[in-house]
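All remarks here apply to the structure that follows.
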Amino acid sequence: MVDSASKLAALVGELAGERPPRYAALAARIRLLVADGRLAVGIRLPAERELAAALRLSRATVTAAYRRLRDDGWASAQQGAGTWTSLPAGPAYGAWAPAQPTAGVIDLAHAAPAAPPEIVTAFTAALRDLPRLLPGHGYHPAGLPELRARIAERYSARGVATTPEQILITAGALNGITVALEVLIGPGDRVLIEHPSYPNALDAIWASGARPVPVAVDTADPAAVAVDVTRVARQTSPRLAYLMPDFQNPTGLLLDAEQRGRLAAGLHGSGTVALVDETLVELGLDAAPGAPYAAFARADRAITVGTLSKTFWGGLRVGWLRAEATLIQRLTAAAVRAQLSGPVLEQLAACHLLDAADATLPVHRDRLRAQRDALVRALAAALPRWQVPVPPGGLVLWCGLPAPVSNALVDAAQRRGLLLAAGPRFGTGHAFADRLRLPYTQPIDVLRRAVEILAEVVDILPAIDPGSAPSRLVV
Ligand SMILES: Cc1ncc(COP(=O)(O)O)c(C=O)c1O
């Protein structure tokens, strides 16, 4: 149950200024709390009489608000056991892949940098290596041994001892996520997610029949993440938690060692396994992440997802899972069902890319930092009312808009040749209308042009009083 009626009343806040009827305003506030992840999914709401007293409303008002929440799918009644929070059926977004490039169209919908020159160098070297492997059958279900060894070494160097048997090579991070979901969860299981989160992972979680349990992520208060995850995990006992402690997509949040330790301890308490997505871990622009989350968790409670897609190029399709060796065997069995083995040449090229990473990645980071800073400056000059926190790493800005116009903005920008991803894409479908994610993966002149288009579009959007429709309560 929400700890008490008075706590929920404090979260709901003052309703006096809201447009009547009062029950609809109360339902809308509770709905927002659930959508944002500040009120966990799957917990019991306070008894109507108690909440009515705490809010100084009539019981009939609370009864009607709870009925509205149930009618809209934000709550469900359990015979004789009160009213429980829930999420309406999942959004019908589906998987989300970059569009084919079109001349004259700027694609800022996806955060996918162009290939750096070292890709060609790595493939040239891989072709030279290939004859050595040609006498064999070419099937390596868990991945090419030399690539598994290199990835294991990198984990050990980052502070979590790892053997090659703990690594399964996958076709990118998303493939790793879906393999892990297939092995670890089933229909009806709860999966704790950060909110906002990475859309394709959310889609995979919905598709597995699991129920996402959102927990709000606030970059202004990173310490709150571990506290909130622990509380929600205790309340809802999720089987899995999908987390990005290293430059979270889309907020850029980076957790420090103490926060990782607390997160691991909190999830341990509820028996929850963490599926930790480290897709962006190598992209520290102002800060380098500390030891991996896996260094803080019990060995059987952490599965790590990695990829070369953002550090090098999405076209490589080389990623991996790190877990206990016995679990890696189960994950390999599941992966093999969809793809018997990964391509050898790509894995050889991946070895060369990793061998040269210490020399090439600083250049990649310098370029991203310059692009990030240029985009931040252009936004500050052209759209000063936007809130643009500067992330310490990763590939994107998570911008706060002065009004909940994200979808309208994205539609209008598309008509002017600028593709964007609206804020709601990063949630359970019911939040972030006042957010926009902007990647800084394109060259600076393209980013500046994109901001010009944004400024033109904002000018022609219907004026919305920023005070009239907040999509997030400040509590
Ligand atoms: C957080 C996160 N995880 C996973 C992926 C998918 O990566 P891959 O292309 O390696 O499948 C992305 C791609 O944008 C991402 O941002």
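For the structure tokens, the naming scheme is as follows: chains receive sequential letters (A, B, ...) according to their order of presentation, residues are indexed from 1 within each chain, and ligands are indexed from 1 in presentation order.
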
Where in region 178-237 of chain A does DSSP assign strand (DSSP E or B), given as JSON, numbers by chain? {"A": [190, 191, 192, 193, 194, 195, 211, 212, 213, 214, 215, 216]}

Can you check which residues of region 190-239 of chain A DSSP gives as helix (DSSP H, G or I) on the backbone and send them as a CSV table (one decimal) with N, CA, C and O atoms, in the first residue's frame?
chain,number,residue,atom,x,y,z
A,199,PRO,N,13.5,3.3,-25.6
A,199,PRO,CA,12.3,2.8,-26.2
A,199,PRO,C,12.3,1.4,-26.6
A,199,PRO,O,11.3,0.7,-26.4
A,200,ASN,N,13.3,1.0,-27.3
A,200,ASN,CA,13.3,-0.4,-27.8
A,200,ASN,C,13.4,-1.5,-26.7
A,200,ASN,O,12.8,-2.6,-26.8
A,201,ALA,N,14.0,-1.1,-25.6
A,201,ALA,CA,14.0,-2.0,-24.4
A,201,ALA,C,12.6,-2.1,-23.9
A,201,ALA,O,12.1,-3.1,-23.5
A,202,LEU,N,11.9,-0.9,-23.8
A,202,LEU,CA,10.5,-0.9,-23.3
A,202,LEU,C,9.6,-1.7,-24.2
A,202,LEU,O,8.8,-2.5,-23.7
A,203,ASP,N,9.8,-1.6,-25.5
A,203,ASP,CA,9.0,-2.4,-26.4
A,203,ASP,C,9.3,-3.9,-26.2
A,203,ASP,O,8.3,-4.7,-26.2
A,204,ALA,N,10.5,-4.2,-26.0
A,204,ALA,CA,10.8,-5.7,-25.8
A,204,ALA,C,10.2,-6.2,-24.5
A,204,ALA,O,9.7,-7.3,-24.5
A,205,ILE,N,10.2,-5.3,-23.5
A,205,ILE,CA,9.6,-5.7,-22.2
A,205,ILE,C,8.1,-5.9,-22.4
A,205,ILE,O,7.5,-6.9,-22.0
A,206,TRP,N,7.4,-5.0,-23.1
A,206,TRP,CA,6.0,-5.1,-23.4
A,206,TRP,C,5.7,-6.4,-24.2
A,206,TRP,O,4.8,-7.2,-23.9
A,207,ALA,N,6.6,-6.6,-25.2
A,207,ALA,CA,6.3,-7.7,-26.1
A,207,ALA,C,6.5,-9.1,-25.4
A,207,ALA,O,5.9,-10.1,-25.8
A,223,ALA,N,21.0,10.7,-6.3
A,223,ALA,CA,20.9,9.8,-5.1
A,223,ALA,C,19.5,9.2,-4.9
A,223,ALA,O,19.4,8.1,-4.3
A,224,ALA,N,18.5,9.9,-5.4
A,224,ALA,CA,17.1,9.4,-5.2
A,224,ALA,C,16.9,8.2,-6.0
A,224,ALA,O,16.0,7.4,-5.6
A,225,VAL,N,17.6,7.9,-7.0
A,225,VAL,CA,17.3,6.7,-7.9
A,225,VAL,C,17.4,5.4,-7.0
A,225,VAL,O,16.5,4.6,-7.0
A,226,ALA,N,18.5,5.3,-6.3
A,226,ALA,CA,18.7,4.1,-5.5
A,226,ALA,C,17.6,4.0,-4.5
A,226,ALA,O,17.0,2.9,-4.2
A,227,VAL,N,17.3,5.1,-3.8
A,227,VAL,CA,16.2,5.1,-2.8
A,227,VAL,C,14.9,4.7,-3.4
A,227,VAL,O,14.2,3.8,-2.9
A,228,ASP,N,14.5,5.3,-4.5
A,228,ASP,CA,13.2,5.0,-5.1
A,228,ASP,C,13.2,3.6,-5.7
A,228,ASP,O,12.1,3.0,-5.6
A,229,VAL,N,14.3,3.2,-6.3
A,229,VAL,CA,14.3,1.8,-6.9
A,229,VAL,C,14.1,0.8,-5.7
A,229,VAL,O,13.3,-0.1,-5.8
A,230,THR,N,14.8,1.0,-4.6
A,230,THR,CA,14.7,0.1,-3.5
A,230,THR,C,13.2,0.1,-3.0
A,230,THR,O,12.7,-1.0,-2.7
A,231,ARG,N,12.6,1.3,-2.8
A,231,ARG,CA,11.3,1.4,-2.3
A,231,ARG,C,10.3,0.6,-3.2
A,231,ARG,O,9.5,-0.2,-2.8
A,232,VAL,N,10.4,0.9,-4.5
A,232,VAL,CA,9.4,0.3,-5.5
A,232,VAL,C,9.7,-1.2,-5.6
A,232,VAL,O,8.8,-2.0,-5.7
A,233,ALA,N,11.0,-1.6,-5.5
A,233,ALA,CA,11.3,-3.0,-5.6
A,233,ALA,C,10.7,-3.7,-4.4
A,233,ALA,O,10.2,-4.8,-4.5
A,234,ARG,N,10.8,-3.1,-3.2
A,234,ARG,CA,10.2,-3.7,-2.0
A,234,ARG,C,8.7,-3.8,-2.2
A,234,ARG,O,8.1,-4.8,-1.8
A,235,GLN,N,8.1,-2.8,-2.7
A,235,GLN,CA,6.6,-2.8,-2.8
A,235,GLN,C,6.1,-3.8,-3.9
A,235,GLN,O,5.0,-4.3,-3.8
A,236,THR,N,6.9,-4.0,-5.0
A,236,THR,CA,6.3,-4.7,-6.1
A,236,THR,C,7.0,-6.0,-6.5
A,236,THR,O,6.6,-6.7,-7.4

Could I get the residue neighbourhood of ligand 1 at 10 Å, counting only C-alpha atoms and all ligand atoms, as a PDB file with N, CA and C atoms, in the first residue's frame?
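New file result-v6.pdb:
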ATOM      1  N   TRP A  96      11.676   0.329 -32.908  1.00  0.00           N
ATOM      2  CA  TRP A  96      11.990   1.668 -33.360  1.00  0.00           C
ATOM      3  C   TRP A  96      13.372   1.664 -33.995  1.00  0.00           C
ATOM      4  N   ALA A  97      13.426   1.779 -35.323  1.00  0.00           N
ATOM      5  CA  ALA A  97      14.713   1.716 -36.013  1.00  0.00           C
ATOM      6  C   ALA A  97      14.888   2.978 -36.842  1.00  0.00           C
ATOM      7  N   PRO A  98      16.138   3.416 -37.040  1.00  0.00           N
ATOM      8  CA  PRO A  98      16.369   4.627 -37.825  1.00  0.00           C
ATOM      9  C   PRO A  98      15.788   4.509 -39.235  1.00  0.00           C
ATOM     10  N   HIS A 110      17.274   9.573 -33.989  1.00  0.00           N
ATOM     11  CA  HIS A 110      18.081   8.494 -33.429  1.00  0.00           C
ATOM     12  C   HIS A 110      19.480   8.991 -33.096  1.00  0.00           C
ATOM     13  N   ALA A 111      20.056   8.389 -32.065  1.00  0.00           N
ATOM     14  CA  ALA A 111      21.386   8.802 -31.614  1.00  0.00           C
ATOM     15  C   ALA A 111      22.404   7.803 -32.140  1.00  0.00           C
ATOM     16  N   ALA A 112      22.708   7.912 -33.425  1.00  0.00           N
ATOM     17  CA  ALA A 112      23.588   6.916 -34.033  1.00  0.00           C
ATOM     18  C   ALA A 112      24.648   7.626 -34.870  1.00  0.00           C
ATOM     19  N   THR A 170      26.665 -11.123 -28.887  1.00  0.00           N
ATOM     20  CA  THR A 170      25.313 -10.987 -29.446  1.00  0.00           C
ATOM     21  C   THR A 170      25.365 -10.073 -30.678  1.00  0.00           C
ATOM     22  N   ALA A 171      24.232  -9.980 -31.348  1.00  0.00           N
ATOM     23  CA  ALA A 171      24.157  -9.085 -32.516  1.00  0.00           C
ATOM     24  C   ALA A 171      23.739  -7.692 -32.050  1.00  0.00           C
ATOM     25  N   GLY A 172      24.551  -7.087 -31.197  1.00  0.00           N
ATOM     26  CA  GLY A 172      24.238  -5.758 -30.668  1.00  0.00           C
ATOM     27  C   GLY A 172      23.578  -5.848 -29.296  1.00  0.00           C
ATOM     28  N   ALA A 173      23.397  -4.669 -28.679  1.00  0.00           N
ATOM     29  CA  ALA A 173      22.851  -4.628 -27.320  1.00  0.00           C
ATOM     30  C   ALA A 173      21.388  -5.058 -27.281  1.00  0.00           C
ATOM     31  N   LEU A 174      20.598  -4.613 -28.253  1.00  0.00           N
ATOM     32  CA  LEU A 174      19.165  -4.925 -28.190  1.00  0.00           C
ATOM     33  C   LEU A 174      18.947  -6.432 -28.298  1.00  0.00           C
ATOM     34  N   ASN A 175      19.752  -7.088 -29.127  1.00  0.00           N
ATOM     35  CA  ASN A 175      19.673  -8.541 -29.217  1.00  0.00           C
ATOM     36  C   ASN A 175      19.994  -9.163 -27.848  1.00  0.00           C
ATOM     37  N   GLY A 176      21.007  -8.627 -27.185  1.00  0.00           N
ATOM     38  CA  GLY A 176      21.347  -9.128 -25.846  1.00  0.00           C
ATOM     39  C   GLY A 176      20.187  -8.944 -24.874  1.00  0.00           C
ATOM     40  N   ILE A 177      19.536  -7.785 -24.954  1.00  0.00           N
ATOM     41  CA  ILE A 177      18.410  -7.508 -24.049  1.00  0.00           C
ATOM     42  C   ILE A 177      17.276  -8.508 -24.296  1.00  0.00           C
ATOM     43  N   THR A 178      16.945  -8.746 -25.561  1.00  0.00           N
ATOM     44  CA  THR A 178      15.813  -9.646 -25.839  1.00  0.00           C
ATOM     45  C   THR A 178      16.151 -11.087 -25.444  1.00  0.00           C
ATOM     46  N   SER A 197      13.145   5.880 -20.315  1.00  0.00           N
ATOM     47  CA  SER A 197      14.091   4.805 -20.593  1.00  0.00           C
ATOM     48  C   SER A 197      14.237   4.630 -22.105  1.00  0.00           C
ATOM     49  N   TYR A 198      15.021   3.623 -22.480  1.00  0.00           N
ATOM     50  CA  TYR A 198      15.325   3.386 -23.894  1.00  0.00           C
ATOM     51  C   TYR A 198      14.124   2.702 -24.577  1.00  0.00           C
ATOM     52  N   PRO A 199      13.533   3.333 -25.603  1.00  0.00           N
ATOM     53  CA  PRO A 199      12.260   2.847 -26.158  1.00  0.00           C
ATOM     54  C   PRO A 199      12.274   1.395 -26.631  1.00  0.00           C
ATOM     55  N   ASN A 200      13.343   0.953 -27.290  1.00  0.00           N
ATOM     56  CA  ASN A 200      13.311  -0.414 -27.810  1.00  0.00           C
ATOM     57  C   ASN A 200      13.369  -1.452 -26.690  1.00  0.00           C
ATOM     58  N   ALA A 201      13.997  -1.097 -25.576  1.00  0.00           N
ATOM     59  CA  ALA A 201      13.983  -2.020 -24.436  1.00  0.00           C
ATOM     60  C   ALA A 201      12.567  -2.069 -23.851  1.00  0.00           C
ATOM     61  N   LEU A 243      18.284  -1.337 -16.115  1.00  0.00           N
ATOM     62  CA  LEU A 243      18.890  -0.102 -15.602  1.00  0.00           C
ATOM     63  C   LEU A 243      20.062   0.348 -16.466  1.00  0.00           C
ATOM     64  N   MET A 244      20.288   1.662 -16.479  1.00  0.00           N
ATOM     65  CA  MET A 244      21.444   2.230 -17.194  1.00  0.00           C
ATOM     66  C   MET A 244      22.180   3.189 -16.263  1.00  0.00           C
ATOM     67  N   ASP A 246      25.142   4.172 -16.374  1.00  0.00           N
ATOM     68  CA  ASP A 246      26.214   4.914 -17.047  1.00  0.00           C
ATOM     69  C   ASP A 246      25.636   5.748 -18.186  1.00  0.00           C
ATOM     70  N   PHE A 247      25.379   7.027 -17.933  1.00  0.00           N
ATOM     71  CA  PHE A 247      24.859   7.958 -18.949  1.00  0.00           C
ATOM     72  C   PHE A 247      23.525   7.450 -19.493  1.00  0.00           C
ATOM     73  N   GLN A 248      22.585   7.343 -18.590  1.00  0.00           N
ATOM     74  CA  GLN A 248      21.268   6.790 -18.878  1.00  0.00           C
ATOM     75  C   GLN A 248      20.668   7.423 -20.137  1.00  0.00           C
ATOM     76  N   ASN A 249      20.093   6.606 -20.986  1.00  0.00           N
ATOM     77  CA  ASN A 249      19.397   7.093 -22.178  1.00  0.00           C
ATOM     78  C   ASN A 249      17.919   7.224 -21.826  1.00  0.00           C
ATOM     79  N   PRO A 250      17.332   8.428 -21.836  1.00  0.00           N
ATOM     80  CA  PRO A 250      17.832   9.657 -22.428  1.00  0.00           C
ATOM     81  C   PRO A 250      18.364  10.717 -21.460  1.00  0.00           C
ATOM     82  N   VAL A 276      21.731  -4.696 -16.708  1.00  0.00           N
ATOM     83  CA  VAL A 276      22.378  -3.383 -16.755  1.00  0.00           C
ATOM     84  C   VAL A 276      22.875  -3.108 -18.167  1.00  0.00           C
ATOM     85  N   ASP A 277      22.324  -2.076 -18.765  1.00  0.00           N
ATOM     86  CA  ASP A 277      22.661  -1.728 -20.148  1.00  0.00           C
ATOM     87  C   ASP A 277      23.808  -0.717 -20.135  1.00  0.00           C
ATOM     88  N   GLU A 278      24.987  -1.176 -20.581  1.00  0.00           N
ATOM     89  CA  GLU A 278      26.177  -0.308 -20.592  1.00  0.00           C
ATOM     90  C   GLU A 278      26.492   0.203 -21.995  1.00  0.00           C
ATOM     91  N   THR A 279      25.460   0.347 -22.819  1.00  0.00           N
ATOM     92  CA  THR A 279      25.671   0.780 -24.201  1.00  0.00           C
ATOM     93  C   THR A 279      26.500   2.062 -24.299  1.00  0.00           C
ATOM     94  N   LEU A 280      26.312   2.980 -23.335  1.00  0.00           N
ATOM     95  CA  LEU A 280      26.938   4.303 -23.455  1.00  0.00           C
ATOM     96  C   LEU A 280      28.137   4.477 -22.528  1.00  0.00           C
ATOM     97  N   VAL A 281      28.568   3.381 -21.894  1.00  0.00           N
ATOM     98  CA  VAL A 281      29.547   3.508 -20.810  1.00  0.00           C
ATOM     99  C   VAL A 281      30.873   4.121 -21.258  1.00  0.00           C
ATOM    100  N   VAL A 305      24.824  -5.733 -20.279  1.00  0.00           N
ATOM    101  CA  VAL A 305      24.677  -5.675 -21.730  1.00  0.00           C
ATOM    102  C   VAL A 305      25.713  -4.697 -22.269  1.00  0.00           C
ATOM    103  N   GLY A 306      26.449  -5.103 -23.308  1.00  0.00           N
ATOM    104  CA  GLY A 306      27.412  -4.193 -23.924  1.00  0.00           C
ATOM    105  C   GLY A 306      27.265  -4.205 -25.437  1.00  0.00           C
ATOM    106  N   THR A 307      27.899  -3.256 -26.091  1.00  0.00           N
ATOM    107  CA  THR A 307      27.813  -3.163 -27.552  1.00  0.00           C
ATOM    108  C   THR A 307      28.925  -2.265 -28.079  1.00  0.00           C
ATOM    109  N   LEU A 308      29.256  -2.448 -29.355  1.00  0.00           N
ATOM    110  CA  LEU A 308      30.188  -1.526 -30.014  1.00  0.00           C
ATOM    111  C   LEU A 308      29.433  -0.464 -30.817  1.00  0.00           C
ATOM    112  N   SER A 309      28.097  -0.504 -30.763  1.00  0.00           N
ATOM    113  CA  SER A 309      27.295   0.345 -31.658  1.00  0.00           C
ATOM    114  C   SER A 309      27.516   1.835 -31.452  1.00  0.00           C
ATOM    115  N   LYS A 310      27.677   2.267 -30.206  1.00  0.00           N
ATOM    116  CA  LYS A 310      27.795   3.709 -29.952  1.00  0.00           C
ATOM    117  C   LYS A 310      29.251   4.124 -29.788  1.00  0.00           C
ATOM    118  N   THR A 311      30.096   3.178 -29.361  1.00  0.00           N
ATOM    119  CA  THR A 311      31.519   3.507 -29.237  1.00  0.00           C
ATOM    120  C   THR A 311      32.169   3.529 -30.618  1.00  0.00           C
ATOM    121  N   TRP A 313      30.336   1.883 -34.208  1.00  0.00           N
ATOM    122  CA  TRP A 313      29.371   2.058 -35.304  1.00  0.00           C
ATOM    123  C   TRP A 313      28.227   1.058 -35.165  1.00  0.00           C
ATOM    124  N   GLY A 314      27.006   1.537 -35.373  1.00  0.00           N
ATOM    125  CA  GLY A 314      25.830   0.673 -35.274  1.00  0.00           C
ATOM    126  C   GLY A 314      25.802  -0.414 -36.334  1.00  0.00           C
ATOM    127  N   GLY A 315      26.484  -0.141 -37.465  1.00  0.00           N
ATOM    128  CA  GLY A 315      26.484  -1.110 -38.558  1.00  0.00           C
ATOM    129  C   GLY A 315      27.294  -2.366 -38.272  1.00  0.00           C
ATOM    130  N   LEU A 316      28.054  -2.361 -37.177  1.00  0.00           N
ATOM    131  CA  LEU A 316      28.854  -3.553 -36.857  1.00  0.00           C
ATOM    132  C   LEU A 316      27.992  -4.721 -36.397  1.00  0.00           C
ATOM    133  N   ARG A 317      26.962  -4.414 -35.639  1.00  0.00           N
ATOM    134  CA  ARG A 317      26.097  -5.414 -34.996  1.00  0.00           C
ATOM    135  C   ARG A 317      26.901  -6.385 -34.132  1.00  0.00           C
ATOM    136  N   VAL A 318      27.743  -5.841 -33.300  1.00  0.00           N
ATOM    137  CA  VAL A 318      28.483  -6.667 -32.338  1.00  0.00           C
ATOM    138  C   VAL A 318      28.199  -6.139 -30.927  1.00  0.00           C
ATOM    139  N   GLY A 319      27.637  -7.012 -30.113  1.00  0.00           N
ATOM    140  CA  GLY A 319      27.392  -6.680 -28.712  1.00  0.00           C
ATOM    141  C   GLY A 319      27.678  -7.905 -27.862  1.00  0.00           C
ATOM    142  N   TRP A 320      27.303  -7.839 -26.584  1.00  0.00           N
ATOM    143  CA  TRP A 320      27.562  -8.995 -25.717  1.00  0.00           C
ATOM    144  C   TRP A 320      26.725  -8.932 -24.450  1.00  0.00           C
ATOM    145  N   GLY A 394      27.360  10.243 -22.816  1.00  0.00           N
ATOM    146  CA  GLY A 394      26.278   9.716 -23.648  1.00  0.00           C
ATOM    147  C   GLY A 394      26.173  10.496 -24.943  1.00  0.00           C
ATOM    148  N   LEU A 395      25.009  10.435 -25.564  1.00  0.00           N
ATOM    149  CA  LEU A 395      24.855  10.983 -26.915  1.00  0.00           C
ATOM    150  C   LEU A 395      23.730  11.991 -27.057  1.00  0.00           C
ATOM    151  N   VAL A 396      22.985  12.260 -25.977  1.00  0.00           N
ATOM    152  CA  VAL A 396      21.764  13.055 -26.166  1.00  0.00           C
ATOM    153  C   VAL A 396      21.547  14.095 -25.073  1.00  0.00           C
TER     154      VAL A 396
END

Compile the contact shell of Thr83 (chain A) as an MDAnalysis selection string: residues with an atom at most 12 Å away, counting only C-alpha atoms, same-chain residues fewer than 6 positions apart removed. chainID A and resid 1:2 41:48 62:63 65:71 73:77

Store the residues picked out above, limited to N, CA, C and O atoms, as a short mmCIF file (atom, residue, chain, number, x, y, z; two decimals), in the first residue's frame.
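The resulting out.cif:
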data_model
loop_
_atom_site.label_atom_id
_atom_site.label_comp_id
_atom_site.auth_asym_id
_atom_site.auth_seq_id
_atom_site.Cartn_x
_atom_site.Cartn_y
_atom_site.Cartn_z
N MET A 1 0.85 -1.20 0.00
CA MET A 1 0.00 0.00 0.00
C MET A 1 0.89 1.25 0.00
O MET A 1 1.99 1.22 0.51
N VAL A 2 0.41 2.33 -0.59
CA VAL A 2 1.09 3.62 -0.44
C VAL A 2 1.20 3.80 1.06
O VAL A 2 0.24 3.59 1.78
N VAL A 41 3.60 1.02 -9.68
CA VAL A 41 2.53 0.23 -10.27
C VAL A 41 2.37 -1.03 -9.42
O VAL A 41 3.37 -1.61 -8.99
N GLY A 42 1.12 -1.44 -9.17
CA GLY A 42 0.90 -2.69 -8.45
C GLY A 42 0.85 -2.53 -6.94
O GLY A 42 1.06 -3.49 -6.22
N ILE A 43 0.62 -1.30 -6.48
CA ILE A 43 0.47 -1.13 -5.03
C ILE A 43 -0.95 -0.69 -4.71
O ILE A 43 -1.66 -0.16 -5.55
N ARG A 44 -1.32 -0.93 -3.46
CA ARG A 44 -2.69 -0.63 -3.05
C ARG A 44 -2.82 0.84 -2.70
O ARG A 44 -1.99 1.38 -1.96
N LEU A 45 -3.86 1.48 -3.20
CA LEU A 45 -4.12 2.88 -2.85
C LEU A 45 -4.76 2.92 -1.46
O LEU A 45 -5.40 1.95 -1.04
N PRO A 46 -4.63 4.03 -0.76
CA PRO A 46 -5.23 4.11 0.58
C PRO A 46 -6.75 3.94 0.51
O PRO A 46 -7.36 4.20 -0.54
N ALA A 47 -7.32 3.53 1.61
CA ALA A 47 -8.79 3.42 1.68
C ALA A 47 -9.39 4.78 1.35
O ALA A 47 -8.83 5.83 1.70
N GLU A 48 -10.54 4.75 0.69
CA GLU A 48 -11.15 6.00 0.22
C GLU A 48 -11.39 6.96 1.38
O GLU A 48 -11.12 8.17 1.28
N VAL A 62 -13.43 10.98 -3.66
CA VAL A 62 -12.36 10.00 -3.80
C VAL A 62 -12.90 8.74 -4.48
O VAL A 62 -12.24 8.15 -5.36
N THR A 63 -14.11 8.33 -4.12
CA THR A 63 -14.72 7.14 -4.75
C THR A 63 -14.81 7.36 -6.26
O THR A 63 -14.46 6.48 -7.06
N ALA A 65 -13.04 9.44 -8.06
CA ALA A 65 -11.69 9.51 -8.65
C ALA A 65 -11.14 8.11 -8.87
O ALA A 65 -10.58 7.80 -9.92
N TYR A 66 -11.30 7.24 -7.87
CA TYR A 66 -10.81 5.86 -8.00
C TYR A 66 -11.55 5.16 -9.15
O TYR A 66 -10.95 4.39 -9.90
N ARG A 67 -12.86 5.44 -9.28
CA ARG A 67 -13.62 4.81 -10.37
C ARG A 67 -13.07 5.27 -11.72
O ARG A 67 -12.86 4.49 -12.64
N ARG A 68 -12.77 6.58 -11.82
CA ARG A 68 -12.21 7.12 -13.07
C ARG A 68 -10.88 6.43 -13.38
O ARG A 68 -10.61 6.04 -14.51
N LEU A 69 -10.04 6.26 -12.36
CA LEU A 69 -8.74 5.60 -12.57
C LEU A 69 -8.94 4.17 -13.05
O LEU A 69 -8.25 3.69 -13.96
N ARG A 70 -9.92 3.49 -12.47
CA ARG A 70 -10.17 2.09 -12.88
C ARG A 70 -10.69 2.05 -14.31
O ARG A 70 -10.26 1.25 -15.13
N ASP A 71 -11.62 2.97 -14.63
CA ASP A 71 -12.20 2.99 -15.99
C ASP A 71 -11.11 3.22 -17.03
O ASP A 71 -11.17 2.71 -18.14
N GLY A 73 -7.92 2.44 -16.75
CA GLY A 73 -6.84 1.45 -16.71
C GLY A 73 -5.69 1.81 -15.78
O GLY A 73 -4.69 1.10 -15.74
N TRP A 74 -5.83 2.90 -15.02
CA TRP A 74 -4.74 3.31 -14.12
C TRP A 74 -4.84 2.66 -12.74
O TRP A 74 -3.99 2.86 -11.89
N ALA A 75 -5.92 1.92 -12.54
CA ALA A 75 -6.09 1.20 -11.28
C ALA A 75 -6.99 0.02 -11.55
O ALA A 75 -7.68 -0.04 -12.58
N SER A 76 -6.92 -0.95 -10.65
CA SER A 76 -7.84 -2.08 -10.79
C SER A 76 -8.37 -2.41 -9.40
O SER A 76 -7.70 -2.15 -8.39
N ALA A 77 -9.59 -2.95 -9.38
CA ALA A 77 -10.19 -3.29 -8.09
C ALA A 77 -9.95 -4.77 -7.85
O ALA A 77 -10.03 -5.57 -8.77
#

Can you pull out every residue within 10 Å of Ser6 (chain A), counting only C-alpha atoms, but drop anything in the same chain fewer than 2 positions away, and send it as a compact mmCIF listing (two decimals) with C-alpha atoms, in the first residue's frame?
# COMPACT_ATOMS: atom_id res chain seq x y z
CA VAL A 2 1.09 3.62 -0.44
CA ASP A 3 2.68 4.05 2.97
CA SER A 4 -0.18 6.21 4.17
CA LEU A 8 -0.30 10.25 -1.02
CA ALA A 9 -2.08 13.46 -0.09
CA ALA A 10 1.29 15.24 0.06
CA LEU A 11 2.20 13.90 -3.39
CA VAL A 12 -1.19 14.88 -4.81
CA PRO A 46 -5.23 4.11 0.58
CA GLU A 50 -8.61 7.84 4.74
CA LEU A 51 -7.54 9.64 1.58
CA ALA A 52 -10.68 11.79 1.74
CA ALA A 53 -9.79 12.82 5.29
CA ALA A 54 -6.15 13.52 4.38
CA LEU A 55 -7.16 15.68 1.43

Near region 18-35 of chain A, 9 Å: region 154-247 of chain A residue rows, closest pairs, only C-alpha atoms, as a Markdown table:
| residue | atom | partner | partner_atom | distance |
| --- | --- | --- | --- | --- |
| A:His195 | CA | A:Ala35 | CA | 8.8 |
| A:Pro214 | CA | A:Ala35 | CA | 7.6 |
| A:Ala216 | CA | A:Ala35 | CA | 8.9 |

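Ranking A:Arg239, A:Asp256, A:Gly290, A:Pro212 by their shortest atom-to-atom distance to Thr272 (chain A), with only C-alpha atoms included, puts A:Arg239 first.
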
Determine, counting only C-alpha atoms, which protein, DNA and RNA residues have an atom within 9 Å of an atom of Ile151 (chain A); residues of the same chain fewer than 4 positions away are not included. Present the result as a ChimeraX atom specification. /A:146-147,155-156,162-164,167,320,351,354
